[in-house]
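Inspection log for the structure reproduced underneath, given as structure tokens.
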Amino acid sequence: MPLQLPSRATVLFQGDSITDADRVVHPTDELGHGYAGLSAGLLRSAHPDSDFTFINRGIGGDRVADLRARWHEDAVALAPDLLSVLVGVNDTWRRYDEGRVTTTEAYEDDYRHILTRIKETSGARLLLIEPFLVPVYAEQWAWREDLDPRIHVVRRLAEEFDAALLAADGLLNAAARSAGGAAHIAGDGVHPTPFGHRVLARAWVDLVTGGAETAADGAPAR
């Protein structure tokens, strides 16, 4: 089912470096060069008569606790009509490269808090993107024991908050098989390649529009 955005709508993308996509280091590119910017372009093409405002507040390195700490300024105060959230892989990654553990329980508590706050303060529609990992290095397969429970948390929260769910982990791993390997989708297993971002953007827009109105040039291409 499409999300039925009003003709004048503010769309907010929130998350970590996958959403950021260099928008912070290149401030003239306010949406970044990743799925957020691509999704905005495709959605504008699908609804040329609509007046959409797109905002990207993804910040590289963020974990869900970081989103919670800046949530009022970077989400609640912006009063979005549609809020898209992708966060979780850094909560896993930091366990393996820095020994900083975010328990699944803490992850779920912080994630539920930010969704509750936005629902209490606005009528925003929600779109939750599963955190994902497309293992490129053998040792990354061990990360799944930490990441998979977080994916399940996002699925439960999508049900609890009546949010659209983008099942990105399965989508991108399947795309990697079709494309000839994980490196075609995410060069380091975490950050999508341009092709990976296009796959993610197409799926994002299909969720918002119901899949019927995506621009013809939105089809993923390597």
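So you can find residues: chains in the structure tokens are A, B, ... in the order shown, residues in each start at 1, and ligands are numbered from 1 in order.
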10 Å contact set for Ile18 in chain A, only C-alpha atoms, chain neighbours under 5 positions out, as JSON, numbers by chain: {"A": [32, 33, 34, 35, 36, 58, 59, 60, 61, 86, 87, 89, 131, 190, 191, 192, 197]}
For the residues in that selection, give me all heavy atoms as a short mmCIF file (atom, residue, chain, number, x, y, z; two decimals), in the first residue's frame.
```cif
data_model
loop_
_atom_site.label_atom_id
_atom_site.label_comp_id
_atom_site.auth_asym_id
_atom_site.auth_seq_id
_atom_site.Cartn_x
_atom_site.Cartn_y
_atom_site.Cartn_z
N GLY A 32 23.15 14.41 0.04
CA GLY A 32 24.16 13.39 -0.14
C GLY A 32 24.03 12.70 -1.49
O GLY A 32 23.11 12.96 -2.27
N HIS A 33 24.97 11.79 -1.75
CA HIS A 33 24.97 11.12 -3.06
C HIS A 33 24.43 9.69 -2.99
O HIS A 33 24.62 8.92 -3.93
CB HIS A 33 26.40 11.09 -3.63
CG HIS A 33 27.37 10.30 -2.80
ND1 HIS A 33 28.43 10.89 -2.16
CD2 HIS A 33 27.43 8.98 -2.48
CE1 HIS A 33 29.11 9.95 -1.50
NE2 HIS A 33 28.52 8.80 -1.67
N GLY A 34 23.77 9.34 -1.88
CA GLY A 34 23.29 7.98 -1.70
C GLY A 34 21.80 7.81 -1.93
O GLY A 34 21.17 8.57 -2.67
N TYR A 35 21.24 6.81 -1.27
CA TYR A 35 19.83 6.45 -1.51
C TYR A 35 18.87 7.58 -1.18
O TYR A 35 17.81 7.70 -1.81
CB TYR A 35 19.46 5.17 -0.74
CG TYR A 35 19.17 5.40 0.73
CD1 TYR A 35 17.88 5.68 1.17
CD2 TYR A 35 20.20 5.38 1.67
CE1 TYR A 35 17.62 5.91 2.51
CE2 TYR A 35 19.95 5.61 3.00
CZ TYR A 35 18.66 5.88 3.43
OH TYR A 35 18.40 6.13 4.74
N ALA A 36 19.21 8.43 -0.20
CA ALA A 36 18.29 9.52 0.17
C ALA A 36 18.12 10.49 -1.00
O ALA A 36 16.99 10.82 -1.38
CB ALA A 36 18.80 10.24 1.41
N GLY A 58 21.12 12.39 8.34
CA GLY A 58 22.02 11.28 8.65
C GLY A 58 23.40 11.80 9.02
O GLY A 58 23.88 12.77 8.41
N ILE A 59 24.04 11.18 9.99
CA ILE A 59 25.39 11.55 10.42
C ILE A 59 26.24 10.30 10.53
O ILE A 59 25.89 9.34 11.23
CB ILE A 59 25.36 12.29 11.78
CG1 ILE A 59 24.63 13.63 11.64
CG2 ILE A 59 26.78 12.51 12.30
CD1 ILE A 59 24.56 14.44 12.92
N GLY A 60 27.37 10.31 9.82
CA GLY A 60 28.26 9.17 9.82
C GLY A 60 28.71 8.76 11.21
O GLY A 60 29.05 9.62 12.03
N GLY A 61 28.72 7.47 11.46
CA GLY A 61 29.16 6.92 12.73
C GLY A 61 28.09 6.81 13.79
O GLY A 61 28.32 6.22 14.85
N LEU A 86 17.12 4.62 9.17
CA LEU A 86 18.02 3.49 8.97
C LEU A 86 19.16 3.63 9.97
O LEU A 86 20.01 4.52 9.85
CB LEU A 86 18.57 3.48 7.54
CG LEU A 86 19.75 2.53 7.25
CD1 LEU A 86 19.40 1.09 7.62
CD2 LEU A 86 20.20 2.65 5.80
N VAL A 87 19.19 2.76 10.98
CA VAL A 87 20.25 2.81 11.99
C VAL A 87 20.42 1.43 12.60
O VAL A 87 19.44 0.68 12.72
CB VAL A 87 19.93 3.86 13.08
CG1 VAL A 87 18.74 3.45 13.96
CG2 VAL A 87 21.15 4.17 13.93
N VAL A 89 23.72 -0.63 12.10
CA VAL A 89 24.94 -1.36 11.77
C VAL A 89 26.12 -0.89 12.61
O VAL A 89 27.00 -1.68 12.96
CB VAL A 89 25.25 -1.28 10.26
CG1 VAL A 89 25.75 0.10 9.86
CG2 VAL A 89 26.25 -2.37 9.86
N PRO A 131 18.62 -2.45 9.33
CA PRO A 131 20.08 -2.42 9.18
C PRO A 131 20.51 -3.65 8.40
O PRO A 131 19.83 -4.69 8.43
CB PRO A 131 20.60 -2.45 10.62
CG PRO A 131 19.50 -3.08 11.41
CD PRO A 131 18.21 -2.69 10.72
N VAL A 190 29.37 -2.84 4.32
CA VAL A 190 28.45 -1.96 5.06
C VAL A 190 27.95 -0.81 4.19
O VAL A 190 26.75 -0.56 4.11
CB VAL A 190 29.14 -1.39 6.32
CG1 VAL A 190 28.27 -0.33 6.99
CG2 VAL A 190 29.47 -2.52 7.30
N HIS A 191 28.86 -0.09 3.56
CA HIS A 191 28.49 1.11 2.80
C HIS A 191 28.19 0.75 1.35
O HIS A 191 29.05 0.20 0.65
CB HIS A 191 29.62 2.14 2.86
CG HIS A 191 29.91 2.63 4.24
ND1 HIS A 191 30.88 2.06 5.03
CD2 HIS A 191 29.32 3.61 4.97
CE1 HIS A 191 30.90 2.68 6.20
NE2 HIS A 191 29.96 3.61 6.19
N PRO A 192 26.98 1.04 0.90
CA PRO A 192 26.61 0.66 -0.46
C PRO A 192 27.46 1.36 -1.52
O PRO A 192 27.89 2.51 -1.36
CB PRO A 192 25.14 1.12 -0.57
CG PRO A 192 24.65 1.16 0.83
CD PRO A 192 25.83 1.61 1.64
N HIS A 197 23.22 1.71 -3.65
CA HIS A 197 22.34 2.82 -3.30
C HIS A 197 21.14 2.89 -4.25
O HIS A 197 20.02 3.20 -3.82
CB HIS A 197 23.11 4.15 -3.33
CG HIS A 197 23.83 4.47 -2.08
ND1 HIS A 197 23.19 4.74 -0.89
CD2 HIS A 197 25.17 4.57 -1.82
CE1 HIS A 197 24.07 5.01 0.06
NE2 HIS A 197 25.27 4.90 -0.47
#
```
Residue neighbourhood Met1 in chain A, 10 Å, only C-alpha atoms, exclusion window fewer than 6 positions, as a PyMOL selection string: chain A and resi 164+206-211
Contacts of Arg155 in chain A within 8 Å, only C-alpha atoms, excl. fewer than 3 positions in-chain, as an NGL selection string: :A and (130 or 151-152 or 158-159 or 165)
Of the listed residues A:Ala176, A:Ile55, A:Ile114, A:Ala9, that which approaches Arg68 in chain A most closely, counting only C-alpha atoms: A:Ile114
Selection: 9 Å around Leu147 in chain A, only C-alpha atoms, excl. self and same-chain fewer than 2 positions, as a list in words: Gly88, Val89, Asp91, Thr92, Trp93, Thr104, Pro131, Phe132, Leu133, Trp143, Arg144, Glu145, Pro149, Arg150, Ile151 and His152 of chain A
Writing out the chosen residues with N, CA, C and O atoms as an mmCIF file, in the first residue's frame:
```cif
data_model
loop_
_atom_site.group_PDB
_atom_site.id
_atom_site.type_symbol
_atom_site.label_atom_id
_atom_site.label_comp_id
_atom_site.auth_asym_id
_atom_site.auth_seq_id
_atom_site.Cartn_x
_atom_site.Cartn_y
_atom_site.Cartn_z
ATOM 1 N N GLY A 88 21.645 1.097 12.962
ATOM 2 C CA GLY A 88 21.882 -0.173 13.635
ATOM 3 C C GLY A 88 23.197 -0.838 13.309
ATOM 4 O O GLY A 88 23.760 -1.534 14.153
ATOM 5 N N VAL A 89 23.716 -0.635 12.096
ATOM 6 C CA VAL A 89 24.938 -1.360 11.767
ATOM 7 C C VAL A 89 26.118 -0.886 12.608
ATOM 8 O O VAL A 89 26.997 -1.681 12.960
ATOM 9 N N ASP A 91 25.917 0.058 15.713
ATOM 10 C CA ASP A 91 25.751 -0.572 17.016
ATOM 11 C C ASP A 91 26.406 -1.957 17.019
ATOM 12 O O ASP A 91 26.922 -2.404 18.043
ATOM 13 N N THR A 92 26.384 -2.612 15.863
ATOM 14 C CA THR A 92 27.063 -3.900 15.712
ATOM 15 C C THR A 92 28.557 -3.722 15.454
ATOM 16 O O THR A 92 29.401 -4.345 16.103
ATOM 17 N N TRP A 93 28.900 -2.868 14.519
ATOM 18 C CA TRP A 93 30.289 -2.702 14.087
ATOM 19 C C TRP A 93 31.203 -2.313 15.249
ATOM 20 O O TRP A 93 32.313 -2.838 15.379
ATOM 21 N N THR A 104 21.066 -5.636 22.564
ATOM 22 C CA THR A 104 19.839 -5.598 21.774
ATOM 23 C C THR A 104 18.732 -4.880 22.540
ATOM 24 O O THR A 104 17.938 -4.129 21.951
ATOM 25 N N PRO A 131 18.623 -2.455 9.332
ATOM 26 C CA PRO A 131 20.077 -2.416 9.179
ATOM 27 C C PRO A 131 20.511 -3.652 8.398
ATOM 28 O O PRO A 131 19.827 -4.692 8.429
ATOM 29 N N PHE A 132 21.600 -3.540 7.675
ATOM 30 C CA PHE A 132 21.987 -4.645 6.805
ATOM 31 C C PHE A 132 23.497 -4.831 6.805
ATOM 32 O O PHE A 132 24.266 -3.940 7.168
ATOM 33 N N LEU A 133 23.896 -5.999 6.373
ATOM 34 C CA LEU A 133 25.302 -6.342 6.210
ATOM 35 C C LEU A 133 25.400 -7.261 5.013
ATOM 36 O O LEU A 133 24.660 -8.245 4.917
ATOM 37 N N TRP A 143 29.567 -11.196 12.487
ATOM 38 C CA TRP A 143 28.763 -10.052 12.923
ATOM 39 C C TRP A 143 27.271 -10.360 12.926
ATOM 40 O O TRP A 143 26.500 -9.682 13.601
ATOM 41 N N ARG A 144 26.876 -11.375 12.180
ATOM 42 C CA ARG A 144 25.450 -11.637 12.049
ATOM 43 C C ARG A 144 24.819 -11.998 13.385
ATOM 44 O O ARG A 144 23.645 -11.701 13.608
ATOM 45 N N GLU A 145 25.595 -12.606 14.289
ATOM 46 C CA GLU A 145 25.019 -12.960 15.591
ATOM 47 C C GLU A 145 24.588 -11.721 16.359
ATOM 48 O O GLU A 145 23.683 -11.786 17.198
ATOM 49 N N PRO A 149 19.608 -9.986 15.539
ATOM 50 C CA PRO A 149 18.595 -9.595 16.528
ATOM 51 C C PRO A 149 18.141 -8.143 16.379
ATOM 52 O O PRO A 149 16.991 -7.822 16.684
ATOM 53 N N ARG A 150 19.012 -7.276 15.890
ATOM 54 C CA ARG A 150 18.607 -5.879 15.675
ATOM 55 C C ARG A 150 17.626 -5.788 14.500
ATOM 56 O O ARG A 150 16.683 -4.979 14.526
ATOM 57 N N ILE A 151 17.851 -6.593 13.486
ATOM 58 C CA ILE A 151 16.908 -6.635 12.372
ATOM 59 C C ILE A 151 15.530 -7.063 12.871
ATOM 60 O O ILE A 151 14.505 -6.486 12.497
ATOM 61 N N HIS A 152 15.507 -8.044 13.752
ATOM 62 C CA HIS A 152 14.227 -8.499 14.307
ATOM 63 C C HIS A 152 13.566 -7.403 15.138
ATOM 64 O O HIS A 152 12.337 -7.266 15.127
#
```
Exercise: Gly123 in chain A partners within 9 Å, only C-alpha atoms, chain neighbours under 2 positions left out, as a list in words: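 Everything that qualifies: Ala79, Pro80, Asp81, Leu82, Ile118, Lys119, Glu120, Thr121 and Arg125 of chain A.
Residues of range 11-212 of chain A that DSSP places in strand (DSSP E), based on the backbone of this structure, are Val11, Leu12, Phe13, Gln14, Gly15, Asp51, Phe52, Thr53, Phe54, Ile55, Asn56, Leu82, Leu83, Ser84, Val85, Leu86, Arg125, Leu126, Leu127, Leu128, Ile129, Ala164, Leu165 and Leu166 of chain A.
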What does the file look like for those residues with N, CA and C atoms, as a CSV table (one decimal), in the first residue's frame?
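File written: again05.csv
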```
chain,number,residue,atom,x,y,z
A,11,VAL,N,9.7,15.3,3.9
A,11,VAL,CA,10.3,14.0,4.1
A,11,VAL,C,11.6,14.1,4.7
A,12,LEU,N,11.8,13.4,5.8
A,12,LEU,CA,13.0,13.4,6.6
A,12,LEU,C,13.7,12.1,6.6
A,13,PHE,N,15.0,12.0,6.2
A,13,PHE,CA,15.8,10.8,6.2
A,13,PHE,C,16.7,11.0,7.5
A,14,GLN,N,16.7,9.9,8.3
A,14,GLN,CA,17.6,9.9,9.5
A,14,GLN,C,18.4,8.6,9.5
A,15,GLY,N,19.6,8.7,10.1
A,15,GLY,CA,20.4,7.5,10.2
A,15,GLY,C,21.9,7.9,10.3
A,51,ASP,N,4.6,19.2,-4.0
A,51,ASP,CA,5.6,20.1,-3.5
A,51,ASP,C,6.2,19.5,-2.3
A,52,PHE,N,7.2,18.7,-2.5
A,52,PHE,CA,7.9,17.9,-1.4
A,52,PHE,C,9.1,18.7,-1.0
A,53,THR,N,9.4,18.6,0.3
A,53,THR,CA,10.6,19.1,0.9
A,53,THR,C,11.4,17.9,1.5
A,54,PHE,N,12.6,17.7,1.0
A,54,PHE,CA,13.4,16.6,1.5
A,54,PHE,C,14.5,17.1,2.4
A,55,ILE,N,14.7,16.5,3.5
A,55,ILE,CA,15.7,16.8,4.5
A,55,ILE,C,16.5,15.6,4.9
A,56,ASN,N,17.8,15.7,4.9
A,56,ASN,CA,18.7,14.6,5.3
A,56,ASN,C,19.4,15.0,6.5
A,82,LEU,N,6.7,12.5,6.6
A,82,LEU,CA,7.3,11.1,6.5
A,82,LEU,C,8.7,11.1,7.1
A,83,LEU,N,8.9,10.1,8.0
A,83,LEU,CA,10.2,10.0,8.6
A,83,LEU,C,10.7,8.6,8.2
A,84,SER,N,11.9,8.6,7.6
A,84,SER,CA,12.6,7.4,7.2
A,84,SER,C,13.8,7.2,8.1
A,85,VAL,N,13.9,6.0,8.7
A,85,VAL,CA,15.0,5.7,9.6
A,85,VAL,C,15.8,4.5,9.2
A,86,LEU,N,17.1,4.6,9.2
A,86,LEU,CA,18.0,3.5,9.0
A,86,LEU,C,19.2,3.6,10.0
A,125,ARG,N,4.1,9.8,9.1
A,125,ARG,CA,4.1,8.4,8.7
A,125,ARG,C,5.6,7.9,8.8
A,126,LEU,N,5.7,6.6,9.1
A,126,LEU,CA,7.1,6.1,9.4
A,126,LEU,C,7.5,5.0,8.3
A,127,LEU,N,8.7,5.1,8.0
A,127,LEU,CA,9.3,4.1,7.1
A,127,LEU,C,10.6,3.6,7.7
A,128,LEU,N,10.7,2.4,8.2
A,128,LEU,CA,11.8,1.8,8.8
A,128,LEU,C,12.6,0.9,7.9
A,129,ILE,N,13.9,1.2,7.8
A,129,ILE,CA,14.8,0.4,6.9
A,129,ILE,C,15.6,-0.5,7.8
A,164,ALA,N,5.9,1.4,7.5
A,164,ALA,CA,6.3,0.7,6.4
A,164,ALA,C,7.7,0.1,6.7
A,165,LEU,N,8.0,-1.1,6.2
A,165,LEU,CA,9.2,-1.8,6.4
A,165,LEU,C,9.9,-2.1,5.1
A,166,LEU,N,11.2,-1.6,5.0
A,166,LEU,CA,12.0,-1.9,3.9
A,166,LEU,C,13.0,-3.0,4.4
```
